[in-house]
Amino acid sequence: MIIDMHMHESTCSDDSFLKLADMVETAKALGLDAICITDHDHMGLKDYANEYSKKVNFPIFVGVEYYSLEGDIVAFGIDDFPGERIHAQEFIDYVHARGGVCFAAHPFRNNNRGLAEHLLSVNGLDAIEAFNASTTYEANVRALEVSIERGIQAVGVSDCHVMEKIGVYATCLPYEVKTLAEFVEAFKKGDCYPVGYFGGKYIDLRKVVKMMTPGTALIPEDKQIFKGN
């Protein structure tokens, strides 16, 4: 399944211009098999998304993008999150204690919202966003390098707030999942991989990016840069 795992809907993310119905329609047109709503410090769309998912027969998984003291972390499989900002390691432990999964969001984005070099000291992250369609080339390169250095799986996301970003990057989960619980359990296995949209289909980014040697990564900023690869 190809899933966009980091998306913002305007009801609970005031910096988003997207409505859920439009997000689902666009996702289907691109060939995505599911989407994830991960609003900023908010899970208020959960009940509506669950009902809408059943109505349109399309998986929608709701998580949260939590702003820890060191930076943003996306989490799934938790019913709630701390009402105050806590340290990244505390939040990672909080998520795992409740059976959830979490990954570093845009860790090297230049807005002081990523974990940045704290990635080298925290433990227990299930993945790192190495392909974020709303982040710069240089920031993605560094994130990919750290994922390789630390042996943490790399994922692709759109981090969309506008329609044209939906699905530019996504993640392939080599299992069929229909519920949030199934999604979390499948993600824990650690064998998903990042994909990018090009020419009307998704391409395995492991085949177009040198991902095995730190310092050699070449990451397109958007789908147009894939031309010629």
# chains A, B, ... in the order shown; residues from 1 in each chain; ligands from 1

call {"tool": "residues_around", "arguments": {"residues": "segment 25-30 of chain A", "least_positions_apart": "6", "cutoff": "12 Å", "atoms": "only C-alpha atoms", "output": "JSON, numbers by chain"}}
result
{"A": [2, 3, 4, 5, 7, 18, 19, 36, 53, 56, 57, 58, 59, 60, 158, 160, 162, 163, 164, 165, 166, 167, 168, 169, 170, 196, 197, 198, 199, 200, 201, 202]}

call {"tool": "atom_distance", "arguments": {"atom1": "atom CA of Val141 of chain A", "atom2": "atom CA of Ala186 of chain A"}}
result
26.2 Å

call {"tool": "select_by_dssp", "arguments": {"residues": "segment 105-219 of chain A", "states": "strand (DSSP E)", "output": "list of chain:residue names"}}
result
A:Ala127, A:Ile128, A:Glu129, A:Ala130, A:Phe131, A:Asn132, A:Ala154, A:Val155, A:Gly156, A:Val157, A:Tyr169, A:Ala170, A:Thr171, A:Cys172, A:Tyr193, A:Pro194, A:Val195, A:Gly196, A:Tyr197, A:Phe198, A:Lys201, A:Tyr202, A:Ile203, A:Asp204

call {"tool": "atom_distance", "arguments": {"atom1": "atom CA of Leu125 of chain A", "atom2": "atom CA of Phe103 of chain A"}}
result
5.4 Å

call {"tool": "closest_residue", "arguments": {"among": "A:Ile37, A:Val184, A:Leu115, A:Cys12", "to": "Val95 of chain A", "atoms": "only C-alpha atoms"}}
result
A:Val184

call {"tool": "closest_residue", "arguments": {"among": "A:Tyr66, A:Tyr137, A:Phe17, A:Phe76", "to": "Phe187 of chain A", "atoms": "only C-alpha atoms"}}
result
A:Phe76

call {"tool": "closest_residue", "arguments": {"among": "A:Ile128, A:Val177, A:Ile78, A:Val62", "to": "Gly151 of chain A", "atoms": "only C-alpha atoms"}}
result
A:Ile128

call {"tool": "residues_around", "arguments": {"residues": "Ser147 of chain A", "least_positions_apart": "4", "cutoff": "10 Å", "atoms": "only C-alpha atoms", "output": "PyMOL selection string"}}
result
chain A and resi 119-120+127-130+141-143+151-155+211+214

call {"tool": "select_by_dssp", "arguments": {"residues": "segment 3-226 of chain A", "states": "helix (DSSP H, G or I)", "output": "MDAnalysis selection string"}}
result
chainID A and resid 20:30 46:56 88:97 116:120 137:150 163:165 180:188 205:207 223:226

call {"tool": "closest_residue", "arguments": {"among": "A:Arg113, A:His42, A:His106, A:Lys188", "to": "Pro82 of chain A", "atoms": "only C-alpha atoms"}}
result
A:His42

call {"tool": "closest_residue", "arguments": {"among": "A:Ile203, A:Tyr67, A:Phe131, A:Glu182", "to": "Glu145 of chain A", "atoms": "only C-alpha atoms"}}
result
A:Phe131

call {"tool": "closest_residue", "arguments": {"among": "A:Asp80, A:Glu65, A:Asp33, A:Glu90", "to": "Val122 of chain A", "atoms": "only C-alpha atoms"}}
result
A:Glu90

call {"tool": "atom_distance", "arguments": {"atom1": "atom CA of Glu117 of chain A", "atom2": "atom CA of Cys102 of chain A"}}
result
17.4 Å
